[in-house]
Structures are given as structure tokens and as C-alpha cells.
$ cat model.pdb   # PDB, C-alpha atoms (C1' of nucleotides)
ATOM      1  CA  MET A   7      96.998 140.453  64.307
ATOM      2  CA  LEU A   8      98.292 142.062  67.467
ATOM      3  CA  ASP A   9     101.643 141.962  69.272
ATOM      4  CA  ILE A  10     101.539 142.791  72.971
ATOM      5  CA  ASN A  11     103.604 142.375  76.101
ATOM      6  CA  ILE A  12     101.943 140.501  78.964
ATOM      7  CA  ARG A  13     103.511 140.004  82.360
ATOM      8  CA  HIS A  14     102.949 136.863  84.419
ATOM      9  CA  LEU A  15     101.815 134.763  81.476
ATOM     10  CA  ASP A  16     103.288 131.395  80.525
ATOM     11  CA  LEU A  17     101.100 129.449  78.104
ATOM     12  CA  LYS A  18     102.600 126.055  78.857
ATOM     13  CA  GLN A  19     102.206 126.524  82.597
ATOM     14  CA  ILE A  20      98.539 127.401  82.173
ATOM     15  CA  ALA A  21      97.918 124.577  79.711
ATOM     16  CA  GLU A  22      99.364 122.110  82.231
ATOM     17  CA  SER A  23      97.824 123.600  85.348
ATOM     18  CA  GLY A  24      94.613 121.636  84.825
ATOM     19  CA  GLN A  25      92.152 124.514  84.544
ATOM     20  CA  CYS A  26      91.484 124.299  80.804
ATOM     21  CA  PHE A  27      90.893 121.244  78.652
ATOM     22  CA  ARG A  28      90.278 122.680  75.191
ATOM     23  CA  TRP A  29      93.539 124.466  74.371
ATOM     24  CA  LYS A  30      95.377 122.908  71.430
ATOM     25  CA  ARG A  31      99.120 123.159  70.976
ATOM     26  CA  GLN A  32      99.854 124.173  67.370
ATOM     27  CA  ASP A  33     103.369 125.599  67.158
ATOM     28  CA  ASP A  34     104.027 127.958  64.246
ATOM     29  CA  ALA A  35     106.433 127.438  61.340
ATOM     30  CA  ASP A  36     109.306 129.001  63.300
ATOM     31  CA  GLY A  37     108.785 126.614  66.195
ATOM     32  CA  HIS A  38     107.300 129.260  68.496
ATOM     33  CA  MET A  39     104.983 127.831  71.095
ATOM     34  CA  THR A  40     101.432 128.474  69.914
ATOM     35  CA  TYR A  41      98.047 127.517  71.317
ATOM     36  CA  LEU A  42      94.653 127.532  69.654
ATOM     37  CA  ILE A  43      92.004 128.619  72.121
ATOM     38  CA  PRO A  44      88.355 128.108  71.131
ATOM     39  CA  SER A  45      85.777 130.842  71.588
ATOM     40  CA  PHE A  46      83.505 130.369  74.556
ATOM     41  CA  GLY A  47      80.343 131.375  76.316
ATOM     42  CA  PRO A  48      76.854 132.332  75.127
ATOM     43  CA  GLY A  49      78.239 134.377  72.216
ATOM     44  CA  GLN A  50      80.871 131.846  71.194
ATOM     45  CA  ARG A  51      79.604 131.580  67.628
ATOM     46  CA  GLU A  52      79.943 135.334  67.157
ATOM     47  CA  PHE A  53      83.696 135.584  67.651
ATOM     48  CA  GLU A  54      86.716 133.716  66.384
ATOM     49  CA  ALA A  55      88.980 131.271  68.164
ATOM     50  CA  LEU A  56      92.301 132.777  69.209
ATOM     51  CA  THR A  57      95.781 131.683  68.311
ATOM     52  CA  ILE A  58      98.389 133.002  70.712
ATOM     53  CA  THR A  59     102.113 132.651  70.112
ATOM     54  CA  ALA A  60     104.859 133.170  72.678
ATOM     55  CA  LEU A  61     107.614 135.199  70.959
ATOM     56  CA  SER A  62     110.119 136.229  73.628
ATOM     57  CA  ASP A  63     110.457 138.184  76.875
ATOM     58  CA  GLY A  64     106.745 138.332  77.598
ATOM     59  CA  GLU A  65     105.929 139.244  73.999
ATOM     60  CA  PHE A  66     102.906 137.523  72.501
ATOM     61  CA  ARG A  67     101.415 137.518  69.024
ATOM     62  CA  LEU A  68      97.637 137.235  68.862
ATOM     63  CA  SER A  69      95.426 136.393  65.913
ATOM     64  CA  CYS A  70      92.804 138.945  66.980
ATOM     65  CA  ASP A  71      92.809 142.722  66.686
ATOM     66  CA  ARG A  72      92.895 145.272  69.491
ATOM     67  CA  ARG A  73      89.123 145.540  69.633
ATOM     68  CA  GLU A  74      88.594 141.782  70.111
ATOM     69  CA  TRP A  75      91.392 141.667  72.641
ATOM     70  CA  ASP A  76      89.720 144.379  74.680
ATOM     71  CA  LYS A  77      86.265 142.852  74.275
ATOM     72  CA  HIS A  78      86.903 139.116  74.849
ATOM     73  CA  TRP A  79      90.422 137.963  75.451
ATOM     74  CA  SER A  80      91.855 140.505  77.846
ATOM     75  CA  GLY A  81      89.249 139.490  80.388
ATOM     76  CA  TYR A  82      89.732 135.800  79.637
ATOM     77  CA  PHE A  83      93.432 136.108  80.483
ATOM     78  CA  ASP A  84      92.537 137.900  83.712
ATOM     79  CA  MET A  85      94.398 141.075  82.844
ATOM     80  CA  ASP A  86      92.574 143.047  85.540
ATOM     81  CA  THR A  87      93.997 140.982  88.402
ATOM     82  CA  ASP A  88      97.161 142.294  90.034
ATOM     83  CA  TYR A  89      99.607 139.386  89.869
ATOM     84  CA  ASP A  90     102.445 141.654  91.002
ATOM     85  CA  GLY A  91     100.433 142.073  94.170
ATOM     86  CA  VAL A  92     100.112 138.303  94.523
ATOM     87  CA  GLU A  93     103.885 137.988  94.222
ATOM     88  CA  LYS A  94     104.378 140.614  96.935
ATOM     89  CA  ARG A  95     101.905 138.867  99.234
ATOM     90  CA  ILE A  96     103.727 135.553  98.872
ATOM     91  CA  ASP A  97     107.105 137.218  99.408
ATOM     92  CA  SER A  98     105.928 138.950 102.568
ATOM     93  CA  PHE A  99     105.338 135.673 104.453
ATOM     94  CA  GLY A 100     107.822 133.091 105.635
ATOM     95  CA  ASP A 101     106.217 130.361 103.562
ATOM     96  CA  ASN A 102     109.285 129.114 101.744
ATOM     97  CA  HIS A 103     107.511 126.362  99.905
ATOM     98  CA  ALA A 104     104.977 128.789  98.460
ATOM     99  CA  LYS A 105     107.846 131.044  97.378
ATOM    100  CA  GLU A 106     109.526 128.132  95.624
ATOM    101  CA  ALA A 107     106.279 127.095  93.946
ATOM    102  CA  TYR A 108     105.690 130.662  92.836
ATOM    103  CA  ALA A 109     109.207 130.882  91.367
ATOM    104  CA  LEU A 110     108.417 127.860  89.211
ATOM    105  CA  GLY A 111     104.887 128.733  88.118
ATOM    106  CA  SER A 112     104.749 132.521  88.138
ATOM    107  CA  GLY A 113     103.266 132.515  84.621
ATOM    108  CA  ILE A 114     100.051 130.875  85.766
ATOM    109  CA  ARG A 115      96.897 132.977  85.660
ATOM    110  CA  ILE A 116      93.384 131.995  86.662
ATOM    111  CA  LEU A 117      91.576 132.206  83.335
ATOM    112  CA  ARG A 118      88.093 133.690  83.313
ATOM    113  CA  GLN A 119      86.437 130.822  81.527
ATOM    114  CA  ASP A 120      82.774 130.254  80.771
ATOM    115  CA  LEU A 121      80.790 129.161  83.832
ATOM    116  CA  TRP A 122      78.631 126.607  82.027
ATOM    117  CA  GLU A 123      81.613 125.018  80.313
ATOM    118  CA  MET A 124      83.367 124.747  83.686
ATOM    119  CA  ILE A 125      80.322 123.060  85.234
ATOM    120  CA  ILE A 126      80.304 120.409  82.503
ATOM    121  CA  THR A 127      84.101 120.040  82.470
ATOM    122  CA  PHE A 128      84.508 119.558  86.212
ATOM    123  CA  LEU A 129      81.503 117.238  86.485
ATOM    124  CA  ILE A 130      83.417 115.070  84.004
ATOM    125  CA  SER A 131      86.716 115.489  85.871
ATOM    126  CA  GLN A 132      85.761 113.559  89.007
ATOM    127  CA  ASN A 133      87.762 110.372  89.606
ATOM    128  CA  ASN A 134      89.003 110.688  86.045
ATOM    129  CA  ASN A 135      92.242 111.337  84.168
ATOM    130  CA  ILE A 136      93.252 114.294  81.978
ATOM    131  CA  THR A 137      93.252 112.312  78.743
ATOM    132  CA  ARG A 138      89.732 111.038  79.264
ATOM    133  CA  ILE A 139      88.414 114.415  80.457
ATOM    134  CA  THR A 140      89.824 116.134  77.373
ATOM    135  CA  ARG A 141      88.408 113.479  75.089
ATOM    136  CA  SER A 142      84.921 113.617  76.597
ATOM    137  CA  VAL A 143      84.776 117.423  76.420
ATOM    138  CA  GLU A 144      85.995 117.318  72.824
ATOM    139  CA  GLU A 145      83.427 114.667  71.895
ATOM    140  CA  ILE A 146      80.601 116.731  73.341
ATOM    141  CA  CYS A 147      81.732 119.815  71.415
ATOM    142  CA  ASN A 148      82.314 117.895  68.179
ATOM    143  CA  ARG A 149      78.763 116.590  68.316
ATOM    144  CA  HIS A 150      77.463 120.161  68.580
ATOM    145  CA  GLY A 151      79.290 121.802  65.682
ATOM    146  CA  GLY A 152      82.545 122.289  67.554
ATOM    147  CA  TYR A 153      81.099 124.401  70.358
ATOM    148  CA  MET A 154      80.191 123.636  73.943
ATOM    149  CA  PRO A 155      76.386 123.478  73.727
ATOM    150  CA  ARG A 156      74.402 125.823  75.951
ATOM    151  CA  PRO A 157      71.961 124.076  78.316
ATOM    152  CA  ASP A 158      68.974 124.612  75.984
ATOM    153  CA  GLU A 159      70.749 123.319  72.866
ATOM    154  CA  PHE A 160      72.440 120.324  74.512
ATOM    155  CA  ASP A 161      71.569 116.987  72.913
ATOM    156  CA  ARG A 162      71.233 114.877  76.051
ATOM    157  CA  SER A 163      70.813 111.667  74.051
ATOM    158  CA  ILE A 164      74.563 111.569  73.316
ATOM    159  CA  LEU A 165      75.552 111.419  76.971
ATOM    160  CA  SER A 166      75.169 107.664  77.256
ATOM    161  CA  ASP A 167      77.092 107.002  74.024
ATOM    162  CA  LYS A 168      80.076 104.835  74.775
ATOM    163  CA  SER A 169      82.352 106.988  72.594
ATOM    164  CA  VAL A 170      81.684 110.059  74.744
ATOM    165  CA  GLY A 171      83.194 108.030  77.561
ATOM    166  CA  LEU A 172      81.393 109.596  80.520
ATOM    167  CA  GLY A 173      80.736 106.350  82.370
ATOM    168  CA  TYR A 174      78.785 106.794  85.591
ATOM    169  CA  ARG A 175      79.019 110.602  85.253
ATOM    170  CA  ALA A 176      76.528 110.663  82.359
ATOM    171  CA  PRO A 177      73.413 110.943  84.578
ATOM    172  CA  TYR A 178      75.056 113.749  86.590
ATOM    173  CA  ILE A 179      75.541 115.787  83.418
ATOM    174  CA  ASP A 180      72.122 114.849  82.084
ATOM    175  CA  ASN A 181      70.603 116.192  85.294
ATOM    176  CA  ALA A 182      72.648 119.414  85.213
ATOM    177  CA  VAL A 183      71.695 120.096  81.590
ATOM    178  CA  LYS A 184      68.028 119.533  82.451
ATOM    179  CA  GLU A 185      68.131 121.790  85.516
ATOM    180  CA  PHE A 186      69.994 124.662  83.847
ATOM    181  CA  ALA A 187      67.788 124.436  80.736
ATOM    182  CA  ASP A 188      64.650 124.531  82.913
ATOM    183  CA  ASP A 189      65.909 127.538  84.877
ATOM    184  CA  GLN A 190      67.597 129.782  82.339
ATOM    185  CA  LYS A 191      68.324 132.429  84.993
ATOM    186  CA  MET A 192      70.323 130.059  87.194
ATOM    187  CA  LEU A 193      73.681 130.626  85.475
ATOM    188  CA  GLU A 194      73.365 134.372  85.804
ATOM    189  CA  LYS A 195      72.131 134.083  89.382
ATOM    190  CA  LEU A 196      75.276 132.142  90.260
ATOM    191  CA  THR A 197      77.463 134.953  88.935
ATOM    192  CA  HIS A 198      75.891 137.422  91.373
ATOM    193  CA  MET A 199      76.347 135.238  94.454
ATOM    194  CA  SER A 200      79.131 135.395  97.021
ATOM    195  CA  TYR A 201      81.667 132.552  97.103
ATOM    196  CA  GLU A 202      79.855 130.871  99.994
ATOM    197  CA  GLU A 203      76.422 131.164  98.354
ATOM    198  CA  SER A 204      77.567 129.855  94.991
ATOM    199  CA  TYR A 205      79.495 127.016  96.649
ATOM    200  CA  GLU A 206      76.414 125.864  98.573
ATOM    201  CA  THR A 207      74.167 126.232  95.530
ATOM    202  CA  LEU A 208      76.514 124.160  93.373
ATOM    203  CA  LEU A 209      76.724 121.467  96.080
ATOM    204  CA  SER A 210      72.988 120.910  95.780
ATOM    205  CA  PHE A 211      73.409 119.443  92.289
ATOM    206  CA  THR A 212      73.845 115.697  91.992
ATOM    207  CA  GLY A 213      77.440 114.865  91.104
ATOM    208  CA  ILE A 214      78.853 118.156  92.393
ATOM    209  CA  GLY A 215      80.733 117.650  95.645
ATOM    210  CA  PRO A 216      83.190 119.894  97.538
ATOM    211  CA  LYS A 217      86.087 119.533  95.087
ATOM    212  CA  VAL A 218      84.085 120.037  91.904
ATOM    213  CA  ALA A 219      82.146 122.942  93.455
ATOM    214  CA  ASN A 220      85.392 124.676  94.397
ATOM    215  CA  CYS A 221      86.821 124.163  90.905
ATOM    216  CA  ILE A 222      83.700 125.732  89.411
ATOM    217  CA  CYS A 223      83.898 128.613  91.913
ATOM    218  CA  LEU A 224      87.570 129.225  91.106
ATOM    219  CA  PHE A 225      87.646 128.648  87.351
ATOM    220  CA  GLY A 226      84.059 129.479  86.371
ATOM    221  CA  LEU A 227      83.142 132.254  88.802
ATOM    222  CA  HIS A 228      86.626 133.602  89.543
ATOM    223  CA  HIS A 229      86.193 133.317  93.292
ATOM    224  CA  ILE A 230      89.910 133.465  94.013
ATOM    225  CA  GLU A 231      89.400 132.453  97.642
ATOM    226  CA  ALA A 232      88.213 128.975  96.557
ATOM    227  CA  PHE A 233      90.791 126.289  97.318
ATOM    228  CA  PRO A 234      89.957 122.977  95.604
ATOM    229  CA  ILE A 235      91.454 119.969  97.387
ATOM    230  CA  ASP A 236      91.921 116.917  95.187
ATOM    231  CA  THR A 237      94.016 113.829  95.827
ATOM    232  CA  HIS A 238      97.219 115.595  94.749
ATOM    233  CA  VAL A 239      96.632 118.748  96.791
ATOM    234  CA  LYS A 240      95.684 116.606  99.770
ATOM    235  CA  GLN A 241      99.024 114.767  99.512
ATOM    236  CA  LEU A 242     100.974 117.961  98.982
ATOM    237  CA  LEU A 243      99.355 119.624 101.991
ATOM    238  CA  ALA A 244     100.312 116.649 104.157
ATOM    239  CA  LYS A 245     103.863 116.759 102.813
ATOM    240  CA  TYR A 246     104.650 120.486 103.039
ATOM    241  CA  TYR A 247     102.113 121.727 105.568
ATOM    242  CA  PRO A 248     101.854 119.008 108.247
ATOM    243  CA  GLN A 249     100.770 121.665 110.778
ATOM    244  CA  GLY A 250      97.987 122.810 108.436
ATOM    245  CA  PHE A 251      97.892 125.203 105.495
ATOM    246  CA  PRO A 252      98.165 128.887 106.532
ATOM    247  CA  TYR A 253      94.956 130.041 104.835
ATOM    248  CA  GLU A 254      95.088 133.269 106.856
ATOM    249  CA  TYR A 255      98.205 134.359 104.936
ATOM    250  CA  TYR A 256      96.455 133.991 101.633
ATOM    251  CA  GLU A 257      93.024 135.455 102.236
ATOM    252  CA  GLY A 258      91.555 136.343  98.854
ATOM    253  CA  ILE A 259      94.343 134.720  96.812
ATOM    254  CA  ALA A 260      94.312 131.128  98.109
ATOM    255  CA  GLY A 261      93.082 129.777  94.768
ATOM    256  CA  ILE A 262      96.018 131.284  92.887
ATOM    257  CA  VAL A 263      98.448 129.878  95.451
ATOM    258  CA  GLN A 264      96.747 126.496  95.092
ATOM    259  CA  GLN A 265      97.574 126.599  91.379
ATOM    260  CA  TYR A 266     101.263 127.349  92.052
ATOM    261  CA  LEU A 267     101.444 124.485  94.559
ATOM    262  CA  PHE A 268      99.654 122.072  92.241
ATOM    263  CA  TYR A 269     101.896 122.962  89.294
ATOM    264  CA  TYR A 270     105.029 122.584  91.431
ATOM    265  CA  GLU A 271     104.008 119.048  92.417
ATOM    266  CA  LEU A 272     103.214 118.223  88.806
ATOM    267  CA  CYS A 273     106.727 119.266  87.758
ATOM    268  CA  MET A 274     108.379 117.313  90.579
ATOM    269  CA  ARG A 275     106.507 114.115  89.798
TER     270      ARG A 275
ATOM    271  C1'  DT B   2      95.797  91.317  88.053
ATOM    272  C1'  DC B   3      95.294  95.575  90.143
ATOM    273  C1'  DA B   4      95.812 100.333  91.358
ATOM    274  C1'  DC B   5      94.903 104.744  89.909
ATOM    275  C1'  DA B   6      92.885 108.834  87.679
ATOM    276  C1'  DG B   7      92.181 116.517  89.969
ATOM    277  C1'  DG B   8      85.317 112.435  93.775
ATOM    278  C1'  DC B   9      80.634 111.649  94.709
ATOM    279  C1'  DT B  10      76.473 109.238  96.271
ATOM    280  C1'  DA B  11      73.974 106.505  99.201
ATOM    281  C1'  DG B  12      73.545 103.933 103.083
ATOM    282  C1'  DA B  13      75.142 102.384 107.648
ATOM    283  C1'  DG B  14      76.639 103.410 112.199
TER     284       DG B  14
ATOM    285  C1'  DC C   1      77.112 114.046 112.161
ATOM    286  C1'  DT C   2      81.206 110.797 110.098
ATOM    287  C1'  DC C   3      82.713 106.918 107.481
ATOM    288  C1'  DT C   4      83.336 104.178 103.294
ATOM    289  C1'  DA C   5      82.041 100.593  99.405
ATOM    290  C1'  DG C   6      81.171 100.941  94.868
ATOM    291  C1'  DC C   7      81.275 103.186  90.656
ATOM    292  C1'  DC C   8      82.530 103.721  84.299
ATOM    293  C1'  DT C   9      86.687 103.015  81.947
ATOM    294  C1'  DG C  10      91.441 103.506  79.935
ATOM    295  C1'  DT C  11      96.162 103.048  81.204
ATOM    296  C1'  DG C  12     100.573 101.191  83.239
TER     297       DG C  12
END

$ encode --input "model.pdb" --output "C-alpha cells"
Amino acid sequence: MLDINIRHLDLKQIAESGQCFRWKRQDDADGHMTYLIPSFGPGQREFEALTITALSDGEFRLSCDRREWDKHWSGYFDMDTDYDGVEKRIDSFGDNHAKEAYALGSGIRILRQDLWEMIITFLISQNNNITRITRSVEEICNRHGGYMPRPDEFDRSILSDKSVGLGYRAPYIDNAVKEFADDQKMLEKLTHMSYEESYETLLSFTGIGPKVANCICLFGLHHIEAFPIDTHVKQLLAKYYPQGFPYEYYEGIAGIVQQYLFYYELCMR
DNA sequence: TCACAGGCTAGAG
DNA sequence: CTCTAGCCTGTG
């Protein structure tokens, strides 16, 4: 167990920001907000899931020890990104709507999640709703011992099962599993590419279009300049930025700002 | 019944 | 190049 203070972290805001689909809310006996976060990545079977509890004033209680925090979870929660700097950048421009969105969602961080899991998750997400996305991801994991299967251990025969609920996306995922299993270096190659290179490479896969590719770049490769535009962001841009979004203000942090804007709209809905 | 859900593909123009 | 019908399926 480990108690630490973390700035710019609000579990509920992250859970609702639409970047992760496997967190489970499991409040503790005292009613403190608690989430169970599964282990992830190639070594996911080697380390434990994390429970994280929000105590008060930026204080969090973790189920892991200091060593596991340093090794796995500190990176996952993006502790090496300067969110104070992001706040200063937003404050320095006259973008009042971004300031308001930041004030509401300042506890959002861009998690450093597993690339392969993000590829599968956002392939599923297209033209889909949160409930169904969550259920499909959970079904896939449940059928592989509770873990997101790596490309080479993925049982592709389950993809067409009605209870997995993938619909027309099943062949897209089947193809991705096949391609990444055939070329085991591809995942690592993607991590060494620039944003533009990885974006173009991802686009070449069937079922990955501009929106999904940008989500994978932002959430799976931590390319913070990626700015996914879905139906909601498209509407919000038309509403608050009729003259066009000032991307030049937010060079290098556009993806974080996108999350604040998205979360703000979600709350106002 | 019908639109919608964090879109994409394929085919036409 | 741009444009858009159709797509699995659960939900209101």
C-alpha cells in the first residue's frame, strides 16, 4: 500500500473522458471513490491490477508499493508530463472557452495505455456507444483469462460470436490481429515513429480511419499533438470555434485540450 | 418506427 | 480528388 499526493488527477474525470474502457468503479467501505485498473501490456500477467482510492486534497491510496508505482503506474498516469505547464499555456491565450473547459476538467490526464489494447479498443469504438464498446472489450478479455490477448495469442474464432457484439467491425479486428501477429515488430516500430508517420501507417489498416488513427496516436502512442475529431468534437468546434480552432495556440498540447473540451461538452449535455 | 452511438469502406462522380 | 449510402446492433 502507498499513499501519495498527485496534482492534476481526478479519477472520475478520466474515467468519463472516454480514453479508457476497462476501469471499474469499486468504492471502498468508507465510500471513498475507488477504481480497479487492470494490468496491461506485454507483461500484464507479471504484475497486479491496481486499486486507487481518492482520499482528499489530491491524496490517493494505491494498492501497490513504491517499487511498482515507479515501475508501472507512475508512467501510466503520465507523471512525467508537465500539466502545470499546460495550464499556463491555456491561461496565456485569450481562448475563454478553453479556460472554462480547463477549469472543469483540470484533473484529466492522458494515460499512457498499451498500444495494442488501444488499437483493438478504438477499432471497436467506431460508430458505437460506450456501453457496447466496454462490453465487447470485456468479452474479449474474459475469453482470454481476463487479459487483453496479445496478437499472437488472440483467438480470432471468437470475433464473430454474437455475444462479443462486434457487428461489422469483426473483420477489421480479425485483420489487425492477423497483421500484427504476422509482423511482431510492427507494434514496436510504431512506437519509434513520429506522429505523422504513425498516423499514416495506422490509416493503412482496414477499419482505421482518421478518427480512430488519431485516438490510437493520442492514447496509445502519447502523441499529444493528435486531435481526434468525432461527432461530438465536430459539433463543439462548430459551436465554440466558428472561425476555426486555433491549433497554433496549442502546438504540442492539442490532444490534452481536446480532452478538456470533450469533457466539458459531456458535462453540459 | 427511427435516429443515434466518439466512423469507415467502397464506389460513383 | 470529394461525396455519401450502407453497415452490426442496442437503446430511447

$ closest_atom_pairs --input "model.pdb" --of "chain A" --to "chain B" --cutoff "9 Å" --atoms "all atoms listed in the file" --output "CSV"
residue,atom,partner,partner_atom,distance
A:Gly24,CA,B:DG7,C1',7.7
A:Ser131,CA,B:DG7,C1',6.9
A:Gln132,CA,B:DG8,C1',4.9
A:Asn133,CA,B:DG8,C1',5.3
A:Asn134,CA,B:DA6,C1',4.6
A:Asn135,CA,B:DA6,C1',4.4
A:Ile136,CA,B:DA6,C1',7.9
A:Thr212,CA,B:DT10,C1',8.2
A:Gly213,CA,B:DC9,C1',5.8
A:Ile214,CA,B:DC9,C1',7.1
A:Gly215,CA,B:DC9,C1',6.1
A:Pro216,CA,B:DG8,C1',8.6
A:Lys217,CA,B:DG8,C1',7.3
A:Val218,CA,B:DG8,C1',7.9
A:Pro234,CA,B:DG7,C1',8.9
A:Ile235,CA,B:DG7,C1',8.2
A:Asp236,CA,B:DG7,C1',5.2
A:Thr237,CA,B:DG7,C1',6.7
A:His238,CA,B:DG7,C1',7.0
A:Val239,CA,B:DG7,C1',8.4

$ interface_residues --input "model.pdb" --of "chain C" --to "chain A" --cutoff "10 Å" --atoms "only C-alpha atoms (C1' of nucleotides)" --output "PyMOL selection string"
chain C and resi 7-11

$ resolve_selection --input "model.pdb" --expression "the PyMOL selection byres ((chain A and resi 107) around 6)" --output "compact mmCIF listing (two decimals) with C-alpha atoms, in the frame of the given file"
# COMPACT_ATOMS: atom_id res chain seq x y z
CA ALA A 104 104.98 128.79 98.46
CA LYS A 105 107.85 131.04 97.38
CA GLU A 106 109.53 128.13 95.62
CA TYR A 108 105.69 130.66 92.84
CA ALA A 109 109.21 130.88 91.37
CA LEU A 110 108.42 127.86 89.21
CA TYR A 266 101.26 127.35 92.05
CA LEU A 267 101.44 124.48 94.56
CA TYR A 270 105.03 122.58 91.43

$ residues_near_point --input "model.pdb" --point "(85.8, 125.0, 70.6)" --cutoff "6 Å" --atoms "all atoms listed in the file" --output "ChimeraX atom specification"
/A:44-45,152-153

$ write_last_selection --input "model.pdb" --atoms "C-alpha atoms" --output "tab-separated table (two decimals), in the coordinates of the input"
chain	number	residue	atom	x	y	z
A	44	PRO	CA	88.36	128.11	71.13
A	45	SER	CA	85.78	130.84	71.59
A	152	GLY	CA	82.54	122.29	67.55
A	153	TYR	CA	81.10	124.40	70.36

$ atom_distance --input "model.pdb" --atom1 "atom CA of Arg95 of chain A" --atom2 "atom CA of Tyr256 of chain A"
7.7 Å

$ atom_distance --input "model.pdb" --atom1 "atom CA of Glu52 of chain A" --atom2 "atom CA of Glu22 of chain A"
27.9 Å

$ atom_distance --input "model.pdb" --atom1 "atom CA of Arg118 of chain A" --atom2 "atom CA of Leu193 of chain A"
14.9 Å

$ resolve_selection --input "model.pdb" --expression "the PyMOL selection byres ((chain A and resi 140) around 10)" --output "JSON, numbers by chain"
{"A": [26, 27, 28, 29, 127, 130, 131, 135, 136, 137, 138, 139, 141, 142, 143, 144, 145]}

$ resolve_selection --input "model.pdb" --expression "the PyMOL selection byres ((chain A and resi 197) around 12)" --output "list in words"
Asp120, Leu121, Trp122, Lys191, Met192, Leu193, Glu194, Lys195, Leu196, His198, Met199, Ser200, Tyr201, Glu203, Ser204, Tyr205, Thr207, Leu208, Ile222, Cys223, Leu224, Gly226, Leu227, His228 and His229 of chain A

$ decode --input "model.pdb" --residues "segment 183-234 of chain A" --atoms "C-alpha atoms" --output "PDB file, in the first residue's frame"
ATOM      1  CA  VAL A 183      -4.807  -9.369 -35.248  1.00  0.00           C
ATOM      2  CA  LYS A 184      -3.549 -11.284 -38.291  1.00  0.00           C
ATOM      3  CA  GLU A 185      -1.307  -8.445 -39.476  1.00  0.00           C
ATOM      4  CA  PHE A 186       0.224  -7.685 -36.074  1.00  0.00           C
ATOM      5  CA  ALA A 187       0.732 -11.399 -35.344  1.00  0.00           C
ATOM      6  CA  ASP A 188       2.457 -11.861 -38.721  1.00  0.00           C
ATOM      7  CA  ASP A 189       4.731  -8.863 -38.151  1.00  0.00           C
ATOM      8  CA  GLN A 190       5.703  -8.998 -34.496  1.00  0.00           C
ATOM      9  CA  LYS A 191       7.967  -5.946 -34.867  1.00  0.00           C
ATOM     10  CA  MET A 192       5.168  -3.686 -36.099  1.00  0.00           C
ATOM     11  CA  LEU A 193       3.973  -2.583 -32.648  1.00  0.00           C
ATOM     12  CA  GLU A 194       7.463  -1.586 -31.614  1.00  0.00           C
ATOM     13  CA  LYS A 195       8.113   0.092 -34.956  1.00  0.00           C
ATOM     14  CA  LEU A 196       5.045   2.264 -34.409  1.00  0.00           C
ATOM     15  CA  THR A 197       6.407   3.466 -31.070  1.00  0.00           C
ATOM     16  CA  HIS A 198       9.542   4.823 -32.757  1.00  0.00           C
ATOM     17  CA  MET A 199       7.696   6.756 -35.463  1.00  0.00           C
ATOM     18  CA  SER A 200       6.811  10.441 -35.492  1.00  0.00           C
ATOM     19  CA  TYR A 201       3.146  11.415 -35.112  1.00  0.00           C
ATOM     20  CA  GLU A 202       2.762  11.868 -38.870  1.00  0.00           C
ATOM     21  CA  GLU A 203       4.432   8.538 -39.703  1.00  0.00           C
ATOM     22  CA  SER A 204       2.429   6.543 -37.184  1.00  0.00           C
ATOM     23  CA  TYR A 205      -0.804   8.248 -38.266  1.00  0.00           C
ATOM     24  CA  GLU A 206      -0.232   7.321 -41.918  1.00  0.00           C
ATOM     25  CA  THR A 207       0.827   3.781 -41.029  1.00  0.00           C
ATOM     26  CA  LEU A 208      -2.284   3.232 -38.913  1.00  0.00           C
ATOM     27  CA  LEU A 209      -4.503   4.607 -41.707  1.00  0.00           C
ATOM     28  CA  SER A 210      -3.319   1.819 -43.984  1.00  0.00           C
ATOM     29  CA  PHE A 211      -5.144  -0.781 -41.878  1.00  0.00           C
ATOM     30  CA  THR A 212      -8.685  -1.676 -42.862  1.00  0.00           C
ATOM     31  CA  GLY A 213     -11.146  -0.187 -40.386  1.00  0.00           C
ATOM     32  CA  ILE A 214      -8.756   2.503 -39.144  1.00  0.00           C
ATOM     33  CA  GLY A 215      -9.750   5.918 -40.454  1.00  0.00           C
ATOM     34  CA  PRO A 216      -8.705   9.448 -39.404  1.00  0.00           C
ATOM     35  CA  LYS A 217     -10.581   9.488 -36.085  1.00  0.00           C
ATOM     36  CA  VAL A 218      -9.526   6.042 -34.899  1.00  0.00           C
ATOM     37  CA  ALA A 219      -5.923   6.639 -36.023  1.00  0.00           C
ATOM     38  CA  ASN A 220      -5.780   9.872 -34.032  1.00  0.00           C
ATOM     39  CA  CYS A 221      -7.221   8.174 -30.943  1.00  0.00           C
ATOM     40  CA  ILE A 222      -4.551   5.482 -31.193  1.00  0.00           C
ATOM     41  CA  CYS A 223      -1.853   8.141 -31.689  1.00  0.00           C
ATOM     42  CA  LEU A 224      -3.065  10.112 -28.662  1.00  0.00           C
ATOM     43  CA  PHE A 225      -3.970   7.329 -26.237  1.00  0.00           C
ATOM     44  CA  GLY A 226      -1.691   4.511 -27.413  1.00  0.00           C
ATOM     45  CA  LEU A 227       1.414   6.368 -28.578  1.00  0.00           C
ATOM     46  CA  HIS A 228       1.088   9.511 -26.452  1.00  0.00           C
ATOM     47  CA  HIS A 229       1.392  11.834 -29.425  1.00  0.00           C
ATOM     48  CA  ILE A 230      -0.104  14.805 -27.611  1.00  0.00           C
ATOM     49  CA  GLU A 231      -0.419  16.804 -30.829  1.00  0.00           C
ATOM     50  CA  ALA A 232      -3.058  14.358 -32.148  1.00  0.00           C
ATOM     51  CA  PHE A 233      -6.537  15.886 -32.153  1.00  0.00           C
ATOM     52  CA  PRO A 234      -9.251  13.264 -32.757  1.00  0.00           C
TER      53      PRO A 234
END
